[in-house]
Amino acid sequence: DGGITQSPKYLFRKEGQNVTLSCEQNLNHDAMYWYRQDPGQGLRLIYYSQIVNDFQKGDIAEGYSVSREKKESFPLTVTSAQKNPTAFYLCASSILGQVAEQYFGPGTRLTVT
Amino acid sequence: AQSVTQLDSQVPVFEEAPVELRCNYSSSVSVYLFWYVQYPNQGLQLLLKYLSGSTLVKGINGFEAEFNKSQTSFHLRKPSVHISDTAEYFCAVSRSGGSNYKLTFGKGTLLTVNP
């Protein structure tokens with residue numbers, strides 16, 4: 001079955017540590033996205049990528065980094081510079097150049113203490 | 001740039017009652033509109049979308065929405081809700097045409113269906 005995989009489902013880290021969240025898709029989509037979700041805030045775009053080896057900052061990129069070395073993979077690193085990293089992180093993908101219908105993964109809940 | 005306002009953060013209803021979740025958008029260009037549903041601790045699932053044509057759009061699980069360009073609204077409705085409809089619902093907008101790859105989401109409406 002085609003879809004988006006995010007792992008792990010729950011992640012716990014100590015403050016000051018970098019942590020990388022995994023996102024893999026087998027939908028053959030060109031575009032991939034990372035969102036952060038906080039209660040009552042909706043989804044906010046962190047980074048997006050339209051093609052391998054290229055990505056753009058979204059609305060809240062500070063304290064995050066990404067890479068896009070393969071079409072199917074778009075890992076997100078939450079660095080120690082992110083002041084409030086505890087959140088629910090969602091990865092999505094879409095066909096590029098068409099209607100922006102995005103397909104979402106199940107999410108990773110990151111807790112930093 | 002586009003923006004989305006979901007007018008109610010929480011909507012409690014009784015089972016089998018009708019429900020309307022309100023969404024207004026702002027944009028200087030033509031848009032596509034979407035409603036997504038999120039069950040607890042899960043990703044988002046597309047309920048329905050408006051691209052063009054008929055302003056009344058039908059989606060999954062018995063939901064429908066009506067695009068009203070003059071009122072810049074895209075309200076979601078269901079004539080009779082079930083307990084299983086309890087979830088958070090997000091309205092989203094994207095620019096139509098061109099590089100229309102970005103979605104702007106509202107803050108969500110938590111629908112709680114009580115027995």
# chains A, B, ... in the order shown; residues from 1 in each chain; ligands from 1

call {"tool": "closest_atom_pairs", "arguments": {"of": "chain B", "to": "chain A", "cutoff": "8 Å", "atoms": "only C-alpha atoms", "output": "tab-separated table"}}
result
residue	atom	partner	partner_atom	distance
B:Ser9	CA	A:Gly40	CA	7.6
B:Tyr32	CA	A:Val99	CA	7.7
B:Asn41	CA	A:Gly107	CA	7.5
B:Gln42	CA	A:Pro106	CA	4.9
B:Gly43	CA	A:Pro106	CA	4.2
B:Leu44	CA	A:Phe104	CA	5.7
B:Gln45	CA	A:Phe104	CA	7.0
B:Leu46	CA	A:Tyr103	CA	7.8
B:Leu51	CA	A:Val99	CA	8.0
B:Phe90	CA	A:Gly42	CA	7.6
B:Ser94	CA	A:Ala100	CA	6.7
B:Ser96	CA	A:Val99	CA	7.4
B:Gly97	CA	A:Val99	CA	7.9
B:Gly98	CA	A:Gly97	CA	7.1
B:Ser99	CA	A:Gly97	CA	5.7
B:Asn100	CA	A:Ala100	CA	5.8
B:Tyr101	CA	A:Ala100	CA	4.8
B:Lys102	CA	A:Ala100	CA	6.4
B:Leu103	CA	A:Ala100	CA	6.7
B:Phe105	CA	A:Leu43	CA	6.1
B:Gly106	CA	A:Gly42	CA	5.9
B:Lys107	CA	A:Gly42	CA	3.7
B:Gly108	CA	A:Gly42	CA	5.6

call {"tool": "residues_around", "arguments": {"residues": "Ser27 (chain B)", "least_positions_apart": "5", "cutoff": "8 Å", "atoms": "only C-alpha atoms", "output": "list in words"}}
result
Ala1, Gln2 and Ser3 of chain B

call {"tool": "select_by_dssp", "arguments": {"residues": "chain B", "states": "strand (DSSP E or B)", "output": "PyMOL selection string"}}
result
chain B and resi 3-6+10-14+19-21+23-26+31-38+44-50+56-58+64-68+73-78+87-95+104-105+109-114

call {"tool": "residues_around", "arguments": {"residues": "Thr112 (chain B)", "least_positions_apart": "4", "cutoff": "8 Å", "atoms": "only C-alpha atoms", "output": "list in words"}}
result
Gln10, Val11, Pro12, Val13, Ile83, Asp85, Thr86 and Ala87 of chain B

call {"tool": "atom_distance", "arguments": {"atom1": "CA of Thr55 (chain B)", "atom2": "CA of Tyr89 (chain B)"}}
result
19.8 Å
